[in-house]
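Okay, structure first, notes after.
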Amino acid sequence: MSSETLFRRITDYGNRHDPYPLYAELREHKVARQEDGKYLVGTYHEIAALLHDPRISSDVRNRTEPDPALMPPQGLPPSFIGRDDPEHDRLRRLAMRPFGPPHSPGRVDALRGDIARVAGELADGLRGKERLDLVEDFAFPLPVTVICDLLGVPPEDIPQVHSWADTVVSGLDFAPGEDPEPRRRAAQEARTAMAMYLGGLADQRRGRPTGDMLSALVNDSGPDGLLTQEELMVTTVLLLIAGHETTVNLITNGMLTLLRNPEVLERLRAEPELMPRAVEELLRFEPPVQFLPQRTPLADIEVAGVTIPKGVPLVLVLASGNRDPLRFRDADRFVPDREDNVHFGFGSGVHNCFGAPLARLETQIALTTLIGRLGNPRLLEDPPEYRSSPVLRGPRHLPLAQEPR
């Protein structure tokens, strides 16, 4: 089949359960121009170079023909992941100030007890259930509870926040032959509604801080000043969506992988200290973000002997790079104690995932809790039903059976 249809086949829902053979095909080409003019890159070393190349923009407004699906809602600026330096650096620093080092070095680690408590309560709720859906019963409520508590979203508003986030993420779907406009419009409306909601919450805390990140973002002025109201709105929407959507996939993909590799599950039960390295391998083997669809060259660039023109869509297929046999030995095998595991599970370069420390901690605690609490779990469907998004890839449901304990 033609390499010019690779993206169409990768985004075809029929391949969602196993896109990895298509990624292997992409690596044979290294760079594949598509029928619609976009370019795919799927080899590890080429992706790594591009993620660190200042000639590659994350701002889709630099495209010759901007994609409406990737544009921010009207009246709002792009979030910092859709900006280039120096604006990206300024906005990221402002967002990081209440979240991590150097200003707030203990913020994530201080959540360890709360995460373990929520995970334990959710696992207790699974006791006695012979059948369960890991997504609905555990993998979704854990990270959404944690990120909403971190930001300061009241518990009674979480269902509405989840509904908005689902609609926004569905705007990333690629359905060949379907008119994308209604889905894009719904995603823009949901993003705007969430931005207005979070902006309103932040306004309530201006001058009346309550110890959460929203309070810090509107009250704690550092050397870079404060975010504008519009910047605050798009930044908090990003933190909320990215803070749970990808972690749901990481936890669910993680448990699915362990159940497919029962010898590894048993080893982790016996050696819980191995879990941090196992989570790194999960990030390589089944990353929650499969590709970055919004990169754009600011000049003509040469990649693996192919000239990619300025202004065209450039898609970096991170999950393909993570399985590149030229970089990883036994790349298609899950190795929980893999050495030298520099993967693209959180991207790389200046846009390396802002929330990576929190996602790592949540997943380590989540999987350790599940392994310890579930009674001989087994898959009821393999492959399970997947979410429609090819970008944020993970099971929509993961039905499990367990023995009463």
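Identifiers in the structure tokens: chain A, B, ... in order shown; residue index from 1 per chain; ligand index from 1 in order shown.
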
Open item on the list: DSSP on the backbone, strand (DSSP E or B) only: what residues of stretch 203-327 of chain A does that give? Format it as a VMD selection string.
Closed with: chain A and resid 222 225 289 292 to 297 301 to 303 306 to 308 314 to 316

- [ ] Would you mind listing what lies within 6 Å of stretch 228-239 of chain A as a PyMOL selection string, with only C-alpha atoms counted and same-chain residues fewer than 6 positions away left out?
- [x] chain A and resi 79+195+199

Let me see the file: selected residues, N, CA, C and O atoms, as a compact mmCIF listing (two decimals), in the first residue's frame.
```txt
# COMPACT_ATOMS: atom_id res chain seq x y z
N SER A 79 -2.73 28.26 24.07
CA SER A 79 -2.06 27.94 25.33
C SER A 79 -0.56 27.83 25.07
O SER A 79 -0.11 27.85 23.92
N ALA A 195 -13.16 27.49 29.75
CA ALA A 195 -12.30 28.65 30.02
C ALA A 195 -13.06 29.70 30.83
O ALA A 195 -12.51 30.27 31.79
N GLY A 199 -12.06 30.74 34.55
CA GLY A 199 -11.78 32.16 34.77
C GLY A 199 -12.63 32.72 35.89
O GLY A 199 -12.16 33.53 36.72
```

I need the alpha helix (DSSP H) residues of stretch 168-352 of chain A per DSSP on the backbone, written as a PDB file with N, CA and C atoms, in the first residue's frame.
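Output (part-v8.pdb):
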```pdb
ATOM      1  N   VAL A 168     -13.912  18.343  24.171  1.00  0.00           N
ATOM      2  CA  VAL A 168     -12.700  18.966  23.630  1.00  0.00           C
ATOM      3  C   VAL A 168     -11.801  17.906  22.996  1.00  0.00           C
ATOM      4  N   VAL A 169     -11.594  16.806  23.695  1.00  0.00           N
ATOM      5  CA  VAL A 169     -10.711  15.760  23.184  1.00  0.00           C
ATOM      6  C   VAL A 169     -11.285  15.136  21.915  1.00  0.00           C
ATOM      7  N   SER A 170     -12.614  15.031  21.826  1.00  0.00           N
ATOM      8  CA  SER A 170     -13.216  14.448  20.619  1.00  0.00           C
ATOM      9  C   SER A 170     -12.949  15.316  19.391  1.00  0.00           C
ATOM     10  N   GLU A 181     -16.712  19.356  10.831  1.00  0.00           N
ATOM     11  CA  GLU A 181     -17.085  20.675  11.334  1.00  0.00           C
ATOM     12  C   GLU A 181     -17.951  20.637  12.599  1.00  0.00           C
ATOM     13  N   PRO A 182     -19.007  19.811  12.664  1.00  0.00           N
ATOM     14  CA  PRO A 182     -19.806  19.805  13.903  1.00  0.00           C
ATOM     15  C   PRO A 182     -18.990  19.434  15.134  1.00  0.00           C
ATOM     16  N   ARG A 183     -18.102  18.458  15.006  1.00  0.00           N
ATOM     17  CA  ARG A 183     -17.280  18.046  16.140  1.00  0.00           C
ATOM     18  C   ARG A 183     -16.302  19.151  16.531  1.00  0.00           C
ATOM     19  N   ARG A 184     -15.731  19.815  15.531  1.00  0.00           N
ATOM     20  CA  ARG A 184     -14.801  20.919  15.825  1.00  0.00           C
ATOM     21  C   ARG A 184     -15.521  22.067  16.519  1.00  0.00           C
ATOM     22  N   ARG A 185     -16.720  22.364  16.021  1.00  0.00           N
ATOM     23  CA  ARG A 185     -17.491  23.472  16.616  1.00  0.00           C
ATOM     24  C   ARG A 185     -17.863  23.152  18.063  1.00  0.00           C
ATOM     25  N   ALA A 186     -18.277  21.909  18.305  1.00  0.00           N
ATOM     26  CA  ALA A 186     -18.625  21.507  19.671  1.00  0.00           C
ATOM     27  C   ALA A 186     -17.403  21.583  20.587  1.00  0.00           C
ATOM     28  N   ALA A 187     -16.236  21.183  20.070  1.00  0.00           N
ATOM     29  CA  ALA A 187     -15.012  21.233  20.872  1.00  0.00           C
ATOM     30  C   ALA A 187     -14.642  22.677  21.213  1.00  0.00           C
ATOM     31  N   GLN A 188     -14.778  23.566  20.242  1.00  0.00           N
ATOM     32  CA  GLN A 188     -14.476  24.984  20.499  1.00  0.00           C
ATOM     33  C   GLN A 188     -15.429  25.556  21.541  1.00  0.00           C
ATOM     34  N   GLU A 189     -16.702  25.201  21.423  1.00  0.00           N
ATOM     35  CA  GLU A 189     -17.687  25.719  22.394  1.00  0.00           C
ATOM     36  C   GLU A 189     -17.408  25.180  23.785  1.00  0.00           C
ATOM     37  N   ALA A 190     -17.040  23.900  23.883  1.00  0.00           N
ATOM     38  CA  ALA A 190     -16.740  23.306  25.185  1.00  0.00           C
ATOM     39  C   ALA A 190     -15.491  23.929  25.790  1.00  0.00           C
ATOM     40  N   ARG A 191     -14.481  24.165  24.952  1.00  0.00           N
ATOM     41  CA  ARG A 191     -13.248  24.788  25.451  1.00  0.00           C
ATOM     42  C   ARG A 191     -13.523  26.200  25.962  1.00  0.00           C
ATOM     43  N   THR A 192     -14.355  26.932  25.223  1.00  0.00           N
ATOM     44  CA  THR A 192     -14.701  28.291  25.653  1.00  0.00           C
ATOM     45  C   THR A 192     -15.485  28.264  26.964  1.00  0.00           C
ATOM     46  N   ALA A 193     -16.451  27.342  27.067  1.00  0.00           N
ATOM     47  CA  ALA A 193     -17.247  27.244  28.300  1.00  0.00           C
ATOM     48  C   ALA A 193     -16.371  26.886  29.491  1.00  0.00           C
ATOM     49  N   MET A 194     -15.437  25.966  29.294  1.00  0.00           N
ATOM     50  CA  MET A 194     -14.539  25.580  30.380  1.00  0.00           C
ATOM     51  C   MET A 194     -13.630  26.749  30.761  1.00  0.00           C
ATOM     52  N   ALA A 195     -13.157  27.488  29.751  1.00  0.00           N
ATOM     53  CA  ALA A 195     -12.303  28.646  30.024  1.00  0.00           C
ATOM     54  C   ALA A 195     -13.056  29.700  30.828  1.00  0.00           C
ATOM     55  N   MET A 196     -14.298  29.961  30.459  1.00  0.00           N
ATOM     56  CA  MET A 196     -15.096  30.942  31.197  1.00  0.00           C
ATOM     57  C   MET A 196     -15.342  30.471  32.633  1.00  0.00           C
ATOM     58  N   TYR A 197     -15.636  29.189  32.795  1.00  0.00           N
ATOM     59  CA  TYR A 197     -15.885  28.632  34.124  1.00  0.00           C
ATOM     60  C   TYR A 197     -14.634  28.780  35.008  1.00  0.00           C
ATOM     61  N   LEU A 198     -13.475  28.365  34.488  1.00  0.00           N
ATOM     62  CA  LEU A 198     -12.251  28.425  35.284  1.00  0.00           C
ATOM     63  C   LEU A 198     -11.821  29.864  35.543  1.00  0.00           C
ATOM     64  N   GLY A 199     -12.057  30.741  34.553  1.00  0.00           N
ATOM     65  CA  GLY A 199     -11.779  32.159  34.773  1.00  0.00           C
ATOM     66  C   GLY A 199     -12.633  32.724  35.890  1.00  0.00           C
ATOM     67  N   GLY A 200     -13.898  32.299  35.939  1.00  0.00           N
ATOM     68  CA  GLY A 200     -14.791  32.752  37.013  1.00  0.00           C
ATOM     69  C   GLY A 200     -14.353  32.238  38.373  1.00  0.00           C
ATOM     70  N   LEU A 201     -13.941  30.970  38.443  1.00  0.00           N
ATOM     71  CA  LEU A 201     -13.433  30.420  39.700  1.00  0.00           C
ATOM     72  C   LEU A 201     -12.209  31.190  40.173  1.00  0.00           C
ATOM     73  N   ALA A 202     -11.315  31.483  39.220  1.00  0.00           N
ATOM     74  CA  ALA A 202     -10.105  32.227  39.582  1.00  0.00           C
ATOM     75  C   ALA A 202     -10.457  33.611  40.110  1.00  0.00           C
ATOM     76  N   ASP A 203     -11.434  34.279  39.483  1.00  0.00           N
ATOM     77  CA  ASP A 203     -11.840  35.611  39.942  1.00  0.00           C
ATOM     78  C   ASP A 203     -12.331  35.576  41.389  1.00  0.00           C
ATOM     79  N   GLN A 204     -13.022  34.498  41.758  1.00  0.00           N
ATOM     80  CA  GLN A 204     -13.516  34.380  43.134  1.00  0.00           C
ATOM     81  C   GLN A 204     -12.369  34.322  44.141  1.00  0.00           C
ATOM     82  N   ARG A 205     -11.191  33.870  43.675  1.00  0.00           N
ATOM     83  CA  ARG A 205     -10.053  33.702  44.595  1.00  0.00           C
ATOM     84  C   ARG A 205      -9.069  34.865  44.536  1.00  0.00           C
ATOM     85  N   MET A 213      -4.021  25.759  43.165  1.00  0.00           N
ATOM     86  CA  MET A 213      -3.227  26.344  42.079  1.00  0.00           C
ATOM     87  C   MET A 213      -3.913  27.529  41.434  1.00  0.00           C
ATOM     88  N   LEU A 214      -5.243  27.499  41.315  1.00  0.00           N
ATOM     89  CA  LEU A 214      -5.947  28.661  40.762  1.00  0.00           C
ATOM     90  C   LEU A 214      -5.679  29.902  41.606  1.00  0.00           C
ATOM     91  N   SER A 215      -5.720  29.739  42.922  1.00  0.00           N
ATOM     92  CA  SER A 215      -5.442  30.861  43.817  1.00  0.00           C
ATOM     93  C   SER A 215      -4.038  31.390  43.599  1.00  0.00           C
ATOM     94  N   ALA A 216      -3.073  30.469  43.486  1.00  0.00           N
ATOM     95  CA  ALA A 216      -1.687  30.899  43.292  1.00  0.00           C
ATOM     96  C   ALA A 216      -1.513  31.623  41.965  1.00  0.00           C
ATOM     97  N   LEU A 217      -2.179  31.133  40.920  1.00  0.00           N
ATOM     98  CA  LEU A 217      -2.022  31.750  39.600  1.00  0.00           C
ATOM     99  C   LEU A 217      -2.565  33.174  39.546  1.00  0.00           C
ATOM    100  N   VAL A 218      -3.572  33.485  40.361  1.00  0.00           N
ATOM    101  CA  VAL A 218      -4.131  34.843  40.309  1.00  0.00           C
ATOM    102  C   VAL A 218      -3.579  35.755  41.399  1.00  0.00           C
ATOM    103  N   ASN A 219      -2.892  35.190  42.394  1.00  0.00           N
ATOM    104  CA  ASN A 219      -2.446  36.033  43.518  1.00  0.00           C
ATOM    105  C   ASN A 219      -0.939  36.108  43.706  1.00  0.00           C
ATOM    106  N   GLN A 229      -6.027  37.696  32.052  1.00  0.00           N
ATOM    107  CA  GLN A 229      -7.216  36.868  32.251  1.00  0.00           C
ATOM    108  C   GLN A 229      -7.352  35.828  31.141  1.00  0.00           C
ATOM    109  N   GLU A 230      -7.086  36.235  29.897  1.00  0.00           N
ATOM    110  CA  GLU A 230      -7.201  35.287  28.776  1.00  0.00           C
ATOM    111  C   GLU A 230      -6.142  34.191  28.878  1.00  0.00           C
ATOM    112  N   GLU A 231      -4.909  34.583  29.236  1.00  0.00           N
ATOM    113  CA  GLU A 231      -3.842  33.590  29.399  1.00  0.00           C
ATOM    114  C   GLU A 231      -4.172  32.620  30.532  1.00  0.00           C
ATOM    115  N   LEU A 232      -4.727  33.155  31.610  1.00  0.00           N
ATOM    116  CA  LEU A 232      -5.124  32.318  32.744  1.00  0.00           C
ATOM    117  C   LEU A 232      -6.164  31.284  32.316  1.00  0.00           C
ATOM    118  N   MET A 233      -7.141  31.729  31.549  1.00  0.00           N
ATOM    119  CA  MET A 233      -8.224  30.837  31.138  1.00  0.00           C
ATOM    120  C   MET A 233      -7.702  29.691  30.275  1.00  0.00           C
ATOM    121  N   VAL A 234      -6.895  29.997  29.258  1.00  0.00           N
ATOM    122  CA  VAL A 234      -6.426  28.925  28.371  1.00  0.00           C
ATOM    123  C   VAL A 234      -5.409  28.029  29.081  1.00  0.00           C
ATOM    124  N   THR A 235      -4.624  28.599  29.997  1.00  0.00           N
ATOM    125  CA  THR A 235      -3.636  27.795  30.732  1.00  0.00           C
ATOM    126  C   THR A 235      -4.329  26.806  31.653  1.00  0.00           C
ATOM    127  N   THR A 236      -5.348  27.252  32.366  1.00  0.00           N
ATOM    128  CA  THR A 236      -6.036  26.343  33.298  1.00  0.00           C
ATOM    129  C   THR A 236      -6.843  25.281  32.552  1.00  0.00           C
ATOM    130  N   VAL A 237      -7.404  25.627  31.402  1.00  0.00           N
ATOM    131  CA  VAL A 237      -8.074  24.601  30.575  1.00  0.00           C
ATOM    132  C   VAL A 237      -7.066  23.532  30.175  1.00  0.00           C
ATOM    133  N   LEU A 238      -5.897  23.954  29.725  1.00  0.00           N
ATOM    134  CA  LEU A 238      -4.854  22.997  29.333  1.00  0.00           C
ATOM    135  C   LEU A 238      -4.469  22.104  30.504  1.00  0.00           C
ATOM    136  N   LEU A 239      -4.226  22.715  31.675  1.00  0.00           N
ATOM    137  CA  LEU A 239      -3.796  21.937  32.834  1.00  0.00           C
ATOM    138  C   LEU A 239      -4.862  20.923  33.223  1.00  0.00           C
ATOM    139  N   LEU A 240      -6.124  21.333  33.155  1.00  0.00           N
ATOM    140  CA  LEU A 240      -7.189  20.442  33.582  1.00  0.00           C
ATOM    141  C   LEU A 240      -7.363  19.271  32.619  1.00  0.00           C
ATOM    142  N   ILE A 241      -7.368  19.568  31.320  1.00  0.00           N
ATOM    143  CA  ILE A 241      -7.558  18.492  30.337  1.00  0.00           C
ATOM    144  C   ILE A 241      -6.337  17.578  30.311  1.00  0.00           C
ATOM    145  N   ALA A 242      -5.145  18.176  30.157  1.00  0.00           N
ATOM    146  CA  ALA A 242      -3.932  17.365  30.089  1.00  0.00           C
ATOM    147  C   ALA A 242      -3.676  16.654  31.411  1.00  0.00           C
ATOM    148  N   GLY A 243      -4.157  17.246  32.519  1.00  0.00           N
ATOM    149  CA  GLY A 243      -3.896  16.682  33.829  1.00  0.00           C
ATOM    150  C   GLY A 243      -4.672  15.428  34.138  1.00  0.00           C
ATOM    151  N   HIS A 244      -5.685  15.100  33.328  1.00  0.00           N
ATOM    152  CA  HIS A 244      -6.344  13.824  33.602  1.00  0.00           C
ATOM    153  C   HIS A 244      -6.524  12.948  32.365  1.00  0.00           C
ATOM    154  N   GLU A 245      -6.730  13.546  31.185  1.00  0.00           N
ATOM    155  CA  GLU A 245      -7.006  12.725  29.997  1.00  0.00           C
ATOM    156  C   GLU A 245      -5.859  11.758  29.689  1.00  0.00           C
ATOM    157  N   THR A 246      -4.624  12.270  29.714  1.00  0.00           N
ATOM    158  CA  THR A 246      -3.500  11.400  29.365  1.00  0.00           C
ATOM    159  C   THR A 246      -3.229  10.376  30.462  1.00  0.00           C
ATOM    160  N   THR A 247      -3.446  10.765  31.731  1.00  0.00           N
ATOM    161  CA  THR A 247      -3.170   9.833  32.830  1.00  0.00           C
ATOM    162  C   THR A 247      -4.190   8.703  32.866  1.00  0.00           C
ATOM    163  N   VAL A 248      -5.438   8.988  32.499  1.00  0.00           N
ATOM    164  CA  VAL A 248      -6.431   7.912  32.375  1.00  0.00           C
ATOM    165  C   VAL A 248      -5.907   6.857  31.402  1.00  0.00           C
ATOM    166  N   ASN A 249      -5.410   7.302  30.258  1.00  0.00           N
ATOM    167  CA  ASN A 249      -4.884   6.359  29.262  1.00  0.00           C
ATOM    168  C   ASN A 249      -3.663   5.623  29.777  1.00  0.00           C
ATOM    169  N   LEU A 250      -2.784   6.328  30.474  1.00  0.00           N
ATOM    170  CA  LEU A 250      -1.556   5.700  30.959  1.00  0.00           C
ATOM    171  C   LEU A 250      -1.874   4.596  31.965  1.00  0.00           C
ATOM    172  N   ILE A 251      -2.792   4.863  32.881  1.00  0.00           N
ATOM    173  CA  ILE A 251      -3.179   3.848  33.873  1.00  0.00           C
ATOM    174  C   ILE A 251      -3.859   2.662  33.174  1.00  0.00           C
ATOM    175  N   THR A 252      -4.783   2.960  32.251  1.00  0.00           N
ATOM    176  CA  THR A 252      -5.538   1.892  31.589  1.00  0.00           C
ATOM    177  C   THR A 252      -4.647   1.076  30.663  1.00  0.00           C
ATOM    178  N   ASN A 253      -3.837   1.756  29.838  1.00  0.00           N
ATOM    179  CA  ASN A 253      -2.883   1.036  28.988  1.00  0.00           C
ATOM    180  C   ASN A 253      -1.922   0.219  29.840  1.00  0.00           C
ATOM    181  N   GLY A 254      -1.557   0.767  30.994  1.00  0.00           N
ATOM    182  CA  GLY A 254      -0.636   0.074  31.879  1.00  0.00           C
ATOM    183  C   GLY A 254      -1.223  -1.225  32.398  1.00  0.00           C
ATOM    184  N   MET A 255      -2.458  -1.178  32.887  1.00  0.00           N
ATOM    185  CA  MET A 255      -3.070  -2.398  33.416  1.00  0.00           C
ATOM    186  C   MET A 255      -3.322  -3.406  32.305  1.00  0.00           C
ATOM    187  N   LEU A 256      -3.733  -2.919  31.131  1.00  0.00           N
ATOM    188  CA  LEU A 256      -3.936  -3.811  29.987  1.00  0.00           C
ATOM    189  C   LEU A 256      -2.630  -4.527  29.639  1.00  0.00           C
ATOM    190  N   THR A 257      -1.530  -3.790  29.609  1.00  0.00           N
ATOM    191  CA  THR A 257      -0.231  -4.376  29.281  1.00  0.00           C
ATOM    192  C   THR A 257       0.192  -5.399  30.330  1.00  0.00           C
ATOM    193  N   LEU A 258      -0.030  -5.101  31.599  1.00  0.00           N
ATOM    194  CA  LEU A 258       0.352  -6.039  32.660  1.00  0.00           C
ATOM    195  C   LEU A 258      -0.492  -7.315  32.601  1.00  0.00           C
ATOM    196  N   LEU A 259      -1.776  -7.175  32.286  1.00  0.00           N
ATOM    197  CA  LEU A 259      -2.621  -8.360  32.195  1.00  0.00           C
ATOM    198  C   LEU A 259      -2.280  -9.209  30.970  1.00  0.00           C
ATOM    199  N   ARG A 260      -1.723  -8.563  29.957  1.00  0.00           N
ATOM    200  CA  ARG A 260      -1.246  -9.319  28.792  1.00  0.00           C
ATOM    201  C   ARG A 260       0.122  -9.951  29.050  1.00  0.00           C
ATOM    202  N   PRO A 262       1.348 -11.517  32.259  1.00  0.00           N
ATOM    203  CA  PRO A 262       1.119 -11.872  33.662  1.00  0.00           C
ATOM    204  C   PRO A 262       2.384 -12.139  34.456  1.00  0.00           C
ATOM    205  N   GLU A 263       3.451 -12.579  33.784  1.00  0.00           N
ATOM    206  CA  GLU A 263       4.706 -12.809  34.505  1.00  0.00           C
ATOM    207  C   GLU A 263       5.289 -11.496  35.026  1.00  0.00           C
ATOM    208  N   VAL A 264       5.068 -10.409  34.263  1.00  0.00           N
ATOM    209  CA  VAL A 264       5.531  -9.096  34.720  1.00  0.00           C
ATOM    210  C   VAL A 264       4.674  -8.615  35.889  1.00  0.00           C
ATOM    211  N   LEU A 265       3.365  -8.835  35.804  1.00  0.00           N
ATOM    212  CA  LEU A 265       2.477  -8.446  36.896  1.00  0.00           C
ATOM    213  C   LEU A 265       2.902  -9.141  38.190  1.00  0.00           C
ATOM    214  N   GLU A 266       3.193 -10.435  38.108  1.00  0.00           N
ATOM    215  CA  GLU A 266       3.608 -11.169  39.301  1.00  0.00           C
ATOM    216  C   GLU A 266       4.955 -10.659  39.821  1.00  0.00           C
ATOM    217  N   ARG A 267       5.834 -10.306  38.905  1.00  0.00           N
ATOM    218  CA  ARG A 267       7.136  -9.783  39.333  1.00  0.00           C
ATOM    219  C   ARG A 267       6.960  -8.459  40.062  1.00  0.00           C
ATOM    220  N   LEU A 268       6.078  -7.589  39.564  1.00  0.00           N
ATOM    221  CA  LEU A 268       5.840  -6.300  40.218  1.00  0.00           C
ATOM    222  C   LEU A 268       5.163  -6.483  41.573  1.00  0.00           C
ATOM    223  N   ARG A 269       4.333  -7.497  41.684  1.00  0.00           N
ATOM    224  CA  ARG A 269       3.709  -7.780  42.979  1.00  0.00           C
ATOM    225  C   ARG A 269       4.790  -8.173  43.989  1.00  0.00           C
ATOM    226  N   ALA A 270       5.790  -8.933  43.535  1.00  0.00           N
ATOM    227  CA  ALA A 270       6.869  -9.380  44.420  1.00  0.00           C
ATOM    228  C   ALA A 270       7.946  -8.311  44.608  1.00  0.00           C
ATOM    229  N   MET A 275       8.367  -0.666  40.260  1.00  0.00           N
ATOM    230  CA  MET A 275       7.276   0.025  39.576  1.00  0.00           C
ATOM    231  C   MET A 275       7.705   1.313  38.859  1.00  0.00           C
ATOM    232  N   PRO A 276       8.546   2.196  39.444  1.00  0.00           N
ATOM    233  CA  PRO A 276       8.926   3.401  38.688  1.00  0.00           C
ATOM    234  C   PRO A 276       9.542   3.085  37.331  1.00  0.00           C
ATOM    235  N   ARG A 277      10.392   2.076  37.254  1.00  0.00           N
ATOM    236  CA  ARG A 277      10.998   1.725  35.967  1.00  0.00           C
ATOM    237  C   ARG A 277       9.974   1.093  35.043  1.00  0.00           C
ATOM    238  N   ALA A 278       9.043   0.323  35.606  1.00  0.00           N
ATOM    239  CA  ALA A 278       7.996  -0.280  34.782  1.00  0.00           C
ATOM    240  C   ALA A 278       7.106   0.789  34.159  1.00  0.00           C
ATOM    241  N   VAL A 279       6.818   1.862  34.909  1.00  0.00           N
ATOM    242  CA  VAL A 279       6.007   2.956  34.368  1.00  0.00           C
ATOM    243  C   VAL A 279       6.753   3.659  33.235  1.00  0.00           C
ATOM    244  N   GLU A 280       8.067   3.822  33.361  1.00  0.00           N
ATOM    245  CA  GLU A 280       8.845   4.398  32.256  1.00  0.00           C
ATOM    246  C   GLU A 280       8.728   3.523  31.008  1.00  0.00           C
ATOM    247  N   GLU A 281       8.759   2.209  31.203  1.00  0.00           N
ATOM    248  CA  GLU A 281       8.629   1.307  30.063  1.00  0.00           C
ATOM    249  C   GLU A 281       7.222   1.370  29.469  1.00  0.00           C
ATOM    250  N   LEU A 282       6.207   1.546  30.309  1.00  0.00           N
ATOM    251  CA  LEU A 282       4.844   1.719  29.791  1.00  0.00           C
ATOM    252  C   LEU A 282       4.751   2.977  28.938  1.00  0.00           C
ATOM    253  N   LEU A 283       5.430   4.028  29.369  1.00  0.00           N
ATOM    254  CA  LEU A 283       5.418   5.280  28.610  1.00  0.00           C
ATOM    255  C   LEU A 283       6.082   5.108  27.246  1.00  0.00           C
ATOM    256  N   ARG A 284       7.034   4.215  27.168  1.00  0.00           N
ATOM    257  CA  ARG A 284       7.660   3.906  25.874  1.00  0.00           C
ATOM    258  C   ARG A 284       6.787   2.970  25.058  1.00  0.00           C
ATOM    259  N   PHE A 285       6.301   1.918  25.708  1.00  0.00           N
ATOM    260  CA  PHE A 285       5.653   0.810  25.013  1.00  0.00           C
ATOM    261  C   PHE A 285       4.240   1.140  24.558  1.00  0.00           C
ATOM    262  N   LEU A 318       5.350   9.981  17.830  1.00  0.00           N
ATOM    263  CA  LEU A 318       6.151   9.622  18.992  1.00  0.00           C
ATOM    264  C   LEU A 318       6.107   8.128  19.283  1.00  0.00           C
ATOM    265  N   ALA A 319       4.906   7.536  19.173  1.00  0.00           N
ATOM    266  CA  ALA A 319       4.765   6.117  19.497  1.00  0.00           C
ATOM    267  C   ALA A 319       5.567   5.246  18.537  1.00  0.00           C
ATOM    268  N   SER A 320       5.762   5.702  17.309  1.00  0.00           N
ATOM    269  CA  SER A 320       6.597   4.978  16.360  1.00  0.00           C
ATOM    270  C   SER A 320       8.063   5.082  16.763  1.00  0.00           C
ATOM    271  N   GLY A 321       8.501   6.275  17.130  1.00  0.00           N
ATOM    272  CA  GLY A 321       9.878   6.441  17.592  1.00  0.00           C
ATOM    273  C   GLY A 321      10.182   5.594  18.811  1.00  0.00           C
TER     274      GLY A 321
END
```

Open item on the list: Residues within 6 Å of A:Leu400, please, as a list in words. Count only C-alpha atoms; anything in the same chain fewer than 5 positions from it doesn't count.
Closed with: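 The contact residues come out as Arg131, Leu132, Arg378, Leu379 and Leu380 of chain A.
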
Any chance you could export the current selection's N, CA and C atoms as a PDB file, in the first residue's frame?
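And here's again_1.pdb as it stands now:
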```pdb
ATOM      1  N   ARG A 131     -17.150  -8.339  38.403  1.00  0.00           N
ATOM      2  CA  ARG A 131     -16.864  -7.684  37.124  1.00  0.00           C
ATOM      3  C   ARG A 131     -16.768  -6.183  37.351  1.00  0.00           C
ATOM      4  N   LEU A 132     -15.855  -5.551  36.630  1.00  0.00           N
ATOM      5  CA  LEU A 132     -15.684  -4.109  36.778  1.00  0.00           C
ATOM      6  C   LEU A 132     -15.161  -3.530  35.477  1.00  0.00           C
ATOM      7  N   ARG A 378      -8.542 -10.607  35.399  1.00  0.00           N
ATOM      8  CA  ARG A 378      -8.318 -11.094  34.034  1.00  0.00           C
ATOM      9  C   ARG A 378      -9.179 -10.277  33.073  1.00  0.00           C
ATOM     10  N   LEU A 379      -8.693 -10.181  31.836  1.00  0.00           N
ATOM     11  CA  LEU A 379      -9.387  -9.412  30.808  1.00  0.00           C
ATOM     12  C   LEU A 379     -10.641 -10.149  30.348  1.00  0.00           C
ATOM     13  N   LEU A 380     -11.723  -9.405  30.169  1.00  0.00           N
ATOM     14  CA  LEU A 380     -12.941  -9.969  29.602  1.00  0.00           C
ATOM     15  C   LEU A 380     -13.044  -9.690  28.104  1.00  0.00           C
TER      16      LEU A 380
END
```

Compile a residue-level contact table for stretch 272-388 of chain A against stretch 117-126 of chain A at a cut-off of 9 Å, reporting for every qualifying residue the shortest atom pair and its distance in Å to one decimal, with only C-alpha atoms counted, rows ordered by chain and ascending number, as JSON lines.
```
{"residue": "A:Glu362", "atom": "CA", "partner": "A:Ala119", "partner_atom": "CA", "distance": 8.9}
{"residue": "A:Ile365", "atom": "CA", "partner": "A:Ala119", "partner_atom": "CA", "distance": 7.4}
{"residue": "A:Ala366", "atom": "CA", "partner": "A:Ala119", "partner_atom": "CA", "distance": 6.1}
{"residue": "A:Thr369", "atom": "CA", "partner": "A:Ala119", "partner_atom": "CA", "distance": 6.8}
{"residue": "A:Leu370", "atom": "CA", "partner": "A:Ala123", "partner_atom": "CA", "distance": 6.8}
{"residue": "A:Arg373", "atom": "CA", "partner": "A:Ala123", "partner_atom": "CA", "distance": 6.5}
{"residue": "A:Leu374", "atom": "CA", "partner": "A:Ala123", "partner_atom": "CA", "distance": 7.7}
```

Open item on the list: Quick one: residues within 6 Å of A:Thr296, only C-alpha atoms, excluding same-chain residues fewer than 3 positions away - as a PyMOL selection string?
Closed with: chain A and resi 56-57+311-314

Open item on the list: When you count only C-alpha atoms, which of these residues is closest to A:Pro155: A:Ile371, A:Val342, A:Pro141, A:Arg61?
Closed with: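 Residue with the minimum atom-to-atom distance to A:Pro155: A:Pro141.
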
Open item on the list: For a quick check of understanding, using only C-alpha atoms, which of A:Ala48, A:Asp337, A:Pro102, A:Pro384 has the smallest distance to A:Gly222?
Closed with: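 Once distances to A:Gly222 are computed over only C-alpha atoms, the minimum belongs to A:Pro102.
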
- [ ] Would you work out the distance separating atom CA of A:Arg127 from atom CA of A:Pro143, expressed in Å to one decimal?
- [x] 20.2 Å
